[in-house]
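> Got a structure here, written out as structure tokens. Questions coming.
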Amino acid sequence: MENETLRTSIIPIFIPHIGCPYRCVFCNQWRITGHAGIPDASEVRHLIHTYTQGVGKRHWEAAFYGGSFTAIPASLQESLLEPAYEALQAGRIDAIRCSTRPDCITGPILRRLQRYGMTTVELGVQSMDDNVLERARRGHTAAQVIEATALLRQYGFTVGHQLMPGLPGEDWTSLSHTTDAICRLKPDITRIYPVAVIAGTELAESWQKGEYQALTIHEGVRRAAYMKQCFLSHGIQVIRTGLQATENLDDPSQVLAGAYTPAMGEMVDTRRYQLQLFAALDRILSGCQSGDVVISYHRRDTSRVRGIRNVTVHRSRLRYGREFLWNEDDAVPMHHIRVTARTGTWLIDTDRNQIFPDLPDADR
Ligand code: SF4
């Protein structure tokens with residue numbers, strides 16, 4: 001179908017810890033990705049072939065993840081990029097991306113990436129608080145994030161930022177400082193990974209000694225929801241919240257504590273939508289308690305509006321002591337909630353966190 005947006009599918013090429021000059025306290029890519037060793041060019045070629053063969057048309061992106069791609073020796077970068085670039089030129093894939101560190105971005109590095117057709121670079125930012133970065137042994141500063149972001153922009157890359165709420169030394173002041181700084185930098189895309197304590201890391205040792213207090217899932221959801229809402233309100237896309245579930249991560253001997261749950265994304269959206277819906281209902285019902293109240297939403301927003309396992313429906317009963325009418329209606333734009341009461345109709349824009357009267361077309 002000509003006008004249908006093609007689904008983006010990632011071909012993950014894991015380079016676990018390759019290029020990392022330090023080991024960050026929270027990180028164990030062998031456990032997170034379930035991969036070890038360095039791939040070579042033939043493996044990259046084989047992987048791309050395996051993913052793309054016999055599958056209908058999609059927007060394929062080859063992604064070098066799990067290490068510090070731009071910090072690995074130039075000859076190895078080039079040998080890994082070569083097969084991806086061949087596939088790009090042959091039209092078998094549509095884009096190439098990588099993740100790397102903010103202190104490993106220079107003009108010559110970016111020119112090399114461009115020669116091989118790379119268009120997106122995701123920076124492991126984690127925090128914009130230098131104290132938190134130091135305690136995480138990141139080996140870079142917030143100022144280097146600002147410089148790297150500016151240089152990537154200058155070279156025309158799509159810029160991604162990866163953030164980790166819940167690192168040692170972070171409190172709500174620090175979290176809100178990081179969030180504001182990212183909103184000012186306005187990356188094109190973000191990923192939010194509340195901290196999980198992974199076996200075999202320095203963080204796991206600190207947690208076992210009682211020196212680090214891990215996030216609860218509830219606190220991880222609160223912090224990630226706060227960040228996500230601020231980013232969306234500033235027009236910054238959030239493409240992932242919470243680590244992707246893998247067999248390793250679902251094994252309790254690998255994830256010892258912290259805010260890991262395969263449902264993190266749904267829980268974060270449940271919280272964001274619930275806070276906005278209840279704020280709107282508080283206002284609307286303070287004027288008039290009588291009559292039906294209809295809550296309408298696009299079919300594809302159903303689980304966000306009703307909440308994971310209908311938690312928002314249940315909580316609304318407890319909070320307001322009444323039943324609402326919950327109604328799927330595809331005329332409501334995605335990421336909006338329409339509330340209709342006896343006294344009027346309101347539309348909540350959940351990305352912008354704004355509510356306004358929903359006027360009939362003639363009155364707009
Ligand atoms: S967080 Fe990034 S830079 Fe740090 S050890 Fe892990 S892969 Fe390397």
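By order in the structure tokens, chains are A, B, ...; within a chain, residues start at 1; ligands start at 1, following the order shown.
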Residues contacting ligand 1 - anything with an atom at most 10 Å away, using only C-alpha atoms and all ligand atoms - can you give me those as a CSV table (one decimal) with C-alpha atoms, in the first residue's frame?


```csv
chain,number,residue,atom,x,y,z
A,15,ILE,CA,29.3,-5.6,19.7
A,16,PRO,CA,29.3,-6.2,23.5
A,17,HIS,CA,31.6,-3.8,25.3
A,18,ILE,CA,33.8,-3.4,22.2
A,19,GLY,CA,35.4,0.0,22.3
A,20,CYS,CA,34.4,0.7,25.8
A,21,PRO,CA,37.3,2.5,27.5
A,22,TYR,CA,35.8,2.0,31.0
A,23,ARG,CA,33.3,-0.4,32.5
A,24,CYS,CA,30.3,1.7,33.7
A,25,VAL,CA,29.1,0.4,37.1
A,26,PHE,CA,25.7,-0.7,35.9
A,27,CYS,CA,26.7,-2.4,32.7
A,28,ASN,CA,27.1,-6.0,31.7
A,29,GLN,CA,26.3,-6.2,28.0
A,30,TRP,CA,27.1,-9.9,27.8
A,32,ILE,CA,21.9,-7.7,28.8
A,65,TYR,CA,24.5,-1.9,19.6
A,66,GLY,CA,25.9,-3.0,23.0
A,67,GLY,CA,29.3,-1.2,22.9
A,68,SER,CA,31.0,2.0,22.0
A,69,PHE,CA,31.0,1.7,18.2
A,71,ALA,CA,35.6,4.1,19.9
A,99,SER,CA,25.1,3.6,19.7
A,100,THR,CA,28.2,5.1,21.3
A,101,ARG,CA,29.7,7.3,24.0
A,102,PRO,CA,29.5,11.2,23.9
A,103,ASP,CA,33.2,11.5,24.4
A,123,LEU,CA,24.5,8.6,22.6
A,124,GLY,CA,24.6,6.8,26.0
A,125,VAL,CA,23.9,9.9,28.0
A,126,GLN,CA,22.4,8.3,31.2
A,136,ALA,CA,28.6,5.6,37.5
A,137,ARG,CA,32.2,5.7,36.2
A,138,ARG,CA,31.0,6.9,32.9
A,139,GLY,CA,34.3,8.7,32.2
A,140,HIS,CA,32.6,11.7,30.5
A,162,GLN,CA,19.7,7.1,26.1
A,164,MET,CA,19.0,5.9,32.9
A,201,THR,CA,28.4,-5.4,37.7
```

> With a distance cut-off of 12 Å and only C-alpha atoms, select the neighbouring residues of Asp250 of chain A, excluding the residue or stretch itself and same-chain residues fewer than 4 positions from it, and output the selection as a CSV table (one decimal) with C-alpha atoms, in the first residue's frame.


```csv
chain,number,residue,atom,x,y,z
A,31,ARG,CA,24.2,-10.5,30.2
A,32,ILE,CA,21.9,-7.7,28.8
A,34,GLY,CA,23.0,-12.4,25.6
A,196,ALA,CA,18.1,-2.6,36.8
A,198,ILE,CA,22.5,-6.8,36.6
A,243,LEU,CA,15.0,-2.8,28.8
A,244,GLN,CA,13.8,-5.1,26.1
A,245,ALA,CA,12.8,-8.4,27.6
A,246,THR,CA,15.3,-11.3,26.9
A,254,GLN,CA,20.8,-12.2,36.2
A,255,VAL,CA,18.6,-9.3,37.3
A,256,LEU,CA,19.1,-9.0,41.0
A,257,ALA,CA,17.0,-5.9,41.8
A,260,TYR,CA,13.2,-4.3,35.4
A,261,THR,CA,9.8,-5.6,34.2
A,262,PRO,CA,8.8,-6.5,30.6
A,263,ALA,CA,5.7,-4.3,31.2
```

> Record the distance separating atom CA of His336 of chain A and atom CA of Leu232 of chain A, expressed in Å with one decimal.

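Going from atom CA of His336 of chain A over to atom CA of Leu232 of chain A covers 13.2 Å.
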
> Taking the backbone alone, and naming residues the way the document does, which bits of segment 68-201 of chain A are helix (DSSP H, G or I) by DSSP, as a VMD selection string?

chain A and resid 69 to 71 74 to 89 102 to 104 107 to 115 130 to 135 142 to 154 172 to 185

> With C-alpha atoms kept, could you save the residues just selected as a PDB file, in the first residue's frame?


```pdb
ATOM      1  CA  PHE A  69      30.964   1.744  18.179  1.00  0.00           C
ATOM      2  CA  THR A  70      32.878   4.929  17.384  1.00  0.00           C
ATOM      3  CA  ALA A  71      35.597   4.065  19.934  1.00  0.00           C
ATOM      4  CA  ALA A  74      38.813   2.509  12.654  1.00  0.00           C
ATOM      5  CA  SER A  75      39.771  -0.581  10.622  1.00  0.00           C
ATOM      6  CA  LEU A  76      37.335  -2.776  12.606  1.00  0.00           C
ATOM      7  CA  GLN A  77      34.571  -0.158  12.295  1.00  0.00           C
ATOM      8  CA  GLU A  78      35.089  -0.105   8.549  1.00  0.00           C
ATOM      9  CA  SER A  79      35.109  -3.871   8.165  1.00  0.00           C
ATOM     10  CA  LEU A  80      31.806  -4.093  10.108  1.00  0.00           C
ATOM     11  CA  LEU A  81      30.264  -1.193   8.196  1.00  0.00           C
ATOM     12  CA  GLU A  82      31.274  -2.494   4.775  1.00  0.00           C
ATOM     13  CA  PRO A  83      28.653  -5.310   4.532  1.00  0.00           C
ATOM     14  CA  ALA A  84      25.968  -3.016   5.978  1.00  0.00           C
ATOM     15  CA  TYR A  85      26.834  -0.355   3.397  1.00  0.00           C
ATOM     16  CA  GLU A  86      26.701  -2.949   0.579  1.00  0.00           C
ATOM     17  CA  ALA A  87      23.209  -3.977   1.745  1.00  0.00           C
ATOM     18  CA  LEU A  88      22.187  -0.319   1.922  1.00  0.00           C
ATOM     19  CA  GLN A  89      23.370   0.369  -1.608  1.00  0.00           C
ATOM     20  CA  PRO A 102      29.453  11.151  23.943  1.00  0.00           C
ATOM     21  CA  ASP A 103      33.235  11.497  24.352  1.00  0.00           C
ATOM     22  CA  CYS A 104      33.896   9.468  21.196  1.00  0.00           C
ATOM     23  CA  GLY A 107      34.487  15.435  12.955  1.00  0.00           C
ATOM     24  CA  PRO A 108      36.691  12.716  11.375  1.00  0.00           C
ATOM     25  CA  ILE A 109      34.667   9.974  13.119  1.00  0.00           C
ATOM     26  CA  LEU A 110      31.400  11.389  11.828  1.00  0.00           C
ATOM     27  CA  ARG A 111      32.769  11.779   8.314  1.00  0.00           C
ATOM     28  CA  ARG A 112      33.708   8.081   8.373  1.00  0.00           C
ATOM     29  CA  LEU A 113      30.216   7.092   9.490  1.00  0.00           C
ATOM     30  CA  GLN A 114      28.737   9.216   6.724  1.00  0.00           C
ATOM     31  CA  ARG A 115      30.953   7.566   4.095  1.00  0.00           C
ATOM     32  CA  ASP A 130      28.263  15.255  36.617  1.00  0.00           C
ATOM     33  CA  ASN A 131      28.152  13.812  40.120  1.00  0.00           C
ATOM     34  CA  VAL A 132      25.913  10.947  38.932  1.00  0.00           C
ATOM     35  CA  LEU A 133      28.098  10.404  35.844  1.00  0.00           C
ATOM     36  CA  GLU A 134      31.201  10.216  38.013  1.00  0.00           C
ATOM     37  CA  ARG A 135      29.645   7.743  40.442  1.00  0.00           C
ATOM     38  CA  ALA A 142      27.492  16.492  30.767  1.00  0.00           C
ATOM     39  CA  ALA A 143      29.385  19.173  28.808  1.00  0.00           C
ATOM     40  CA  GLN A 144      30.642  16.437  26.455  1.00  0.00           C
ATOM     41  CA  VAL A 145      27.049  15.375  25.817  1.00  0.00           C
ATOM     42  CA  ILE A 146      26.241  18.949  24.771  1.00  0.00           C
ATOM     43  CA  GLU A 147      29.305  19.109  22.469  1.00  0.00           C
ATOM     44  CA  ALA A 148      28.643  15.698  20.892  1.00  0.00           C
ATOM     45  CA  THR A 149      24.978  16.540  20.295  1.00  0.00           C
ATOM     46  CA  ALA A 150      25.924  19.823  18.601  1.00  0.00           C
ATOM     47  CA  LEU A 151      28.505  18.111  16.377  1.00  0.00           C
ATOM     48  CA  LEU A 152      26.090  15.359  15.362  1.00  0.00           C
ATOM     49  CA  ARG A 153      23.541  18.033  14.449  1.00  0.00           C
ATOM     50  CA  GLN A 154      26.156  19.973  12.493  1.00  0.00           C
ATOM     51  CA  TRP A 172      14.464  14.119  42.147  1.00  0.00           C
ATOM     52  CA  THR A 173      16.420  17.382  41.887  1.00  0.00           C
ATOM     53  CA  SER A 174      19.073  15.630  39.810  1.00  0.00           C
ATOM     54  CA  LEU A 175      16.444  13.834  37.697  1.00  0.00           C
ATOM     55  CA  SER A 176      14.632  17.058  36.928  1.00  0.00           C
ATOM     56  CA  HIS A 177      17.941  18.791  36.098  1.00  0.00           C
ATOM     57  CA  THR A 178      18.753  15.981  33.630  1.00  0.00           C
ATOM     58  CA  THR A 179      15.268  16.093  32.151  1.00  0.00           C
ATOM     59  CA  ASP A 180      15.371  19.881  31.661  1.00  0.00           C
ATOM     60  CA  ALA A 181      18.836  19.670  30.078  1.00  0.00           C
ATOM     61  CA  ILE A 182      17.684  17.024  27.585  1.00  0.00           C
ATOM     62  CA  CYS A 183      14.566  19.075  26.773  1.00  0.00           C
ATOM     63  CA  ARG A 184      16.863  22.009  25.949  1.00  0.00           C
ATOM     64  CA  LEU A 185      19.127  19.819  23.773  1.00  0.00           C
TER      65      LEU A 185
END
```

> Please provide the set of residues having any atom within 10 Å of Pro12 of chain A, restricted to only C-alpha atoms, with same-chain residues fewer than 3 positions apart removed, written as a list in words.

Ser9, Ile15, Thr33, Val44, Leu47, Ile48, Tyr51, Glu61, Ala62, Ala63, Phe64, Tyr65, Gly66, Arg97 and Cys98 of chain A

> May I have the residues from that selection written out with N, CA, C and O atoms, as a PDB file, in the first residue's frame?


```pdb
ATOM      1  N   SER A   9      12.070  -2.123  11.239  1.00  0.00           N
ATOM      2  CA  SER A   9      12.545  -3.336  11.904  1.00  0.00           C
ATOM      3  C   SER A   9      14.055  -3.234  12.043  1.00  0.00           C
ATOM      4  O   SER A   9      14.747  -2.918  11.092  1.00  0.00           O
ATOM      5  N   ILE A  15      27.849  -5.682  19.588  1.00  0.00           N
ATOM      6  CA  ILE A  15      29.316  -5.586  19.726  1.00  0.00           C
ATOM      7  C   ILE A  15      29.613  -5.405  21.222  1.00  0.00           C
ATOM      8  O   ILE A  15      30.102  -4.375  21.652  1.00  0.00           O
ATOM      9  N   THR A  33      22.572  -8.351  26.517  1.00  0.00           N
ATOM     10  CA  THR A  33      22.272  -8.694  25.126  1.00  0.00           C
ATOM     11  C   THR A  33      22.278 -10.207  24.898  1.00  0.00           C
ATOM     12  O   THR A  33      21.776 -10.674  23.880  1.00  0.00           O
ATOM     13  N   VAL A  44      28.135 -10.185   9.935  1.00  0.00           N
ATOM     14  CA  VAL A  44      27.221  -9.046   9.700  1.00  0.00           C
ATOM     15  C   VAL A  44      26.442  -9.293   8.408  1.00  0.00           C
ATOM     16  O   VAL A  44      25.216  -9.126   8.353  1.00  0.00           O
ATOM     17  N   LEU A  47      23.884 -12.024   9.002  1.00  0.00           N
ATOM     18  CA  LEU A  47      22.787 -11.552   9.851  1.00  0.00           C
ATOM     19  C   LEU A  47      21.781 -10.726   9.027  1.00  0.00           C
ATOM     20  O   LEU A  47      20.559 -10.921   9.132  1.00  0.00           O
ATOM     21  N   ILE A  48      22.310  -9.826   8.220  1.00  0.00           N
ATOM     22  CA  ILE A  48      21.428  -8.976   7.399  1.00  0.00           C
ATOM     23  C   ILE A  48      20.627  -9.848   6.436  1.00  0.00           C
ATOM     24  O   ILE A  48      19.415  -9.683   6.285  1.00  0.00           O
ATOM     25  N   TYR A  51      17.860 -11.838   8.379  1.00  0.00           N
ATOM     26  CA  TYR A  51      16.707 -11.024   8.808  1.00  0.00           C
ATOM     27  C   TYR A  51      15.816 -10.642   7.628  1.00  0.00           C
ATOM     28  O   TYR A  51      14.596 -10.664   7.730  1.00  0.00           O
ATOM     29  N   GLU A  61      16.637  -1.447   9.434  1.00  0.00           N
ATOM     30  CA  GLU A  61      17.788  -0.667   9.895  1.00  0.00           C
ATOM     31  C   GLU A  61      18.797  -1.600  10.557  1.00  0.00           C
ATOM     32  O   GLU A  61      18.450  -2.332  11.485  1.00  0.00           O
ATOM     33  N   ALA A  62      20.038  -1.575  10.066  1.00  0.00           N
ATOM     34  CA  ALA A  62      21.106  -2.332  10.728  1.00  0.00           C
ATOM     35  C   ALA A  62      21.634  -1.471  11.869  1.00  0.00           C
ATOM     36  O   ALA A  62      21.949  -0.294  11.671  1.00  0.00           O
ATOM     37  N   ALA A  63      21.697  -2.058  13.078  1.00  0.00           N
ATOM     38  CA  ALA A  63      22.039  -1.255  14.260  1.00  0.00           C
ATOM     39  C   ALA A  63      23.182  -1.903  15.030  1.00  0.00           C
ATOM     40  O   ALA A  63      23.069  -3.061  15.457  1.00  0.00           O
ATOM     41  N   PHE A  64      24.263  -1.158  15.187  1.00  0.00           N
ATOM     42  CA  PHE A  64      25.405  -1.644  15.969  1.00  0.00           C
ATOM     43  C   PHE A  64      25.197  -1.215  17.415  1.00  0.00           C
ATOM     44  O   PHE A  64      25.320  -0.035  17.745  1.00  0.00           O
ATOM     45  N   TYR A  65      24.850  -2.172  18.261  1.00  0.00           N
ATOM     46  CA  TYR A  65      24.473  -1.882  19.643  1.00  0.00           C
ATOM     47  C   TYR A  65      25.355  -2.646  20.632  1.00  0.00           C
ATOM     48  O   TYR A  65      25.974  -3.650  20.294  1.00  0.00           O
ATOM     49  N   GLY A  66      25.316  -2.181  21.890  1.00  0.00           N
ATOM     50  CA  GLY A  66      25.901  -2.955  22.985  1.00  0.00           C
ATOM     51  C   GLY A  66      27.339  -2.604  23.314  1.00  0.00           C
ATOM     52  O   GLY A  66      27.934  -3.207  24.195  1.00  0.00           O
ATOM     53  N   ARG A  97      22.480   2.525  11.870  1.00  0.00           N
ATOM     54  CA  ARG A  97      22.623   3.337  13.079  1.00  0.00           C
ATOM     55  C   ARG A  97      23.593   2.666  14.041  1.00  0.00           C
ATOM     56  O   ARG A  97      23.902   1.483  13.901  1.00  0.00           O
ATOM     57  N   CYS A  98      24.035   3.432  15.032  1.00  0.00           N
ATOM     58  CA  CYS A  98      24.885   2.822  16.064  1.00  0.00           C
ATOM     59  C   CYS A  98      24.634   3.534  17.382  1.00  0.00           C
ATOM     60  O   CYS A  98      24.041   4.620  17.418  1.00  0.00           O
TER      61      CYS A  98
END
```

> Quick one: residues within 9 Å of Thr350 of chain A, only C-alpha atoms counted, chain neighbours fewer than 5 positions away excluded, as number ranges by chain?

A: 229, 232-233, 272-273, 276-277, 335-337, 355

> What would the file look like if the residues just selected were written as an mmCIF file, in the first residue's frame with N, CA, C and O atoms?


```
data_model
loop_
_atom_site.group_PDB
_atom_site.id
_atom_site.type_symbol
_atom_site.label_atom_id
_atom_site.label_comp_id
_atom_site.auth_asym_id
_atom_site.auth_seq_id
_atom_site.Cartn_x
_atom_site.Cartn_y
_atom_site.Cartn_z
ATOM 1 N N GLN A 229 7.004 12.169 29.948
ATOM 2 C CA GLN A 229 6.002 13.228 29.749
ATOM 3 C C GLN A 229 6.674 14.553 29.382
ATOM 4 O O GLN A 229 6.217 15.262 28.486
ATOM 5 N N LEU A 232 7.941 14.288 25.715
ATOM 6 C CA LEU A 232 6.852 14.378 24.733
ATOM 7 C C LEU A 232 6.308 15.805 24.660
ATOM 8 O O LEU A 232 6.005 16.314 23.576
ATOM 9 N N SER A 233 6.194 16.458 25.825
ATOM 10 C CA SER A 233 5.672 17.843 25.837
ATOM 11 C C SER A 233 6.583 18.779 25.057
ATOM 12 O O SER A 233 6.141 19.817 24.584
ATOM 13 N N ARG A 272 1.112 7.907 33.049
ATOM 14 C CA ARG A 272 0.981 9.215 32.388
ATOM 15 C C ARG A 272 -0.481 9.515 32.062
ATOM 16 O O ARG A 272 -0.983 10.608 32.324
ATOM 17 N N TYR A 273 -1.168 8.541 31.492
ATOM 18 C CA TYR A 273 -2.559 8.764 31.092
ATOM 19 C C TYR A 273 -3.446 8.939 32.328
ATOM 20 O O TYR A 273 -4.334 9.781 32.346
ATOM 21 N N GLN A 276 -3.211 12.382 33.965
ATOM 22 C CA GLN A 276 -3.877 13.434 33.177
ATOM 23 C C GLN A 276 -5.403 13.265 33.208
ATOM 24 O O GLN A 276 -6.139 14.248 33.304
ATOM 25 N N LEU A 277 -5.846 12.014 33.122
ATOM 26 C CA LEU A 277 -7.294 11.785 33.136
ATOM 27 C C LEU A 277 -7.886 12.190 34.484
ATOM 28 O O LEU A 277 -8.916 12.882 34.545
ATOM 29 N N HIS A 335 -3.577 9.179 21.070
ATOM 30 C CA HIS A 335 -2.896 9.899 22.151
ATOM 31 C C HIS A 335 -3.739 11.047 22.709
ATOM 32 O O HIS A 335 -3.203 12.010 23.255
ATOM 33 N N HIS A 336 -5.041 10.957 22.538
ATOM 34 C CA HIS A 336 -5.971 11.930 23.116
ATOM 35 C C HIS A 336 -7.057 11.165 23.884
ATOM 36 O O HIS A 336 -7.332 9.999 23.589
ATOM 37 N N ILE A 337 -7.654 11.837 24.843
ATOM 38 C CA ILE A 337 -8.815 11.268 25.553
ATOM 39 C C ILE A 337 -9.905 12.326 25.512
ATOM 40 O O ILE A 337 -9.656 13.502 25.829
ATOM 41 N N ILE A 355 -5.308 20.109 28.333
ATOM 42 C CA ILE A 355 -6.740 19.832 28.184
ATOM 43 C C ILE A 355 -7.402 21.091 27.659
ATOM 44 O O ILE A 355 -7.058 22.203 28.084
#
```

> Can you list, as a compact mmCIF listing (two decimals) with C-alpha atoms, in the first residue's frame, every protein, DNA or RNA residue that comes within 8 Å of Pro187 of chain A when you count only C-alpha atoms, leaving out same-chain residues fewer than 5 positions away?


```txt
# COMPACT_ATOMS: atom_id res chain seq x y z
CA THR A 149 24.98 16.54 20.29
CA THR A 158 19.53 11.97 13.63
CA VAL A 159 20.50 12.21 17.31
CA GLY A 160 19.39 9.75 19.98
CA HIS A 161 19.89 10.04 23.74
CA ILE A 182 17.68 17.02 27.58
CA ILE A 236 10.94 14.77 21.66
```

> Segment 134-189 of chain A: which residues are strand (DSSP E) by DSSP, as number ranges by chain?

A: 158-163, 189

> Could you tell me which of A:Ile93, A:Ile192, A:Val311, A:Cys288 comes closest to Phe231 of chain A if we count only C-alpha atoms?

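Of A:Ile93, A:Ile192, A:Val311, A:Cys288, the one nearest Phe231 of chain A, counting only C-alpha atoms, is A:Ile192.
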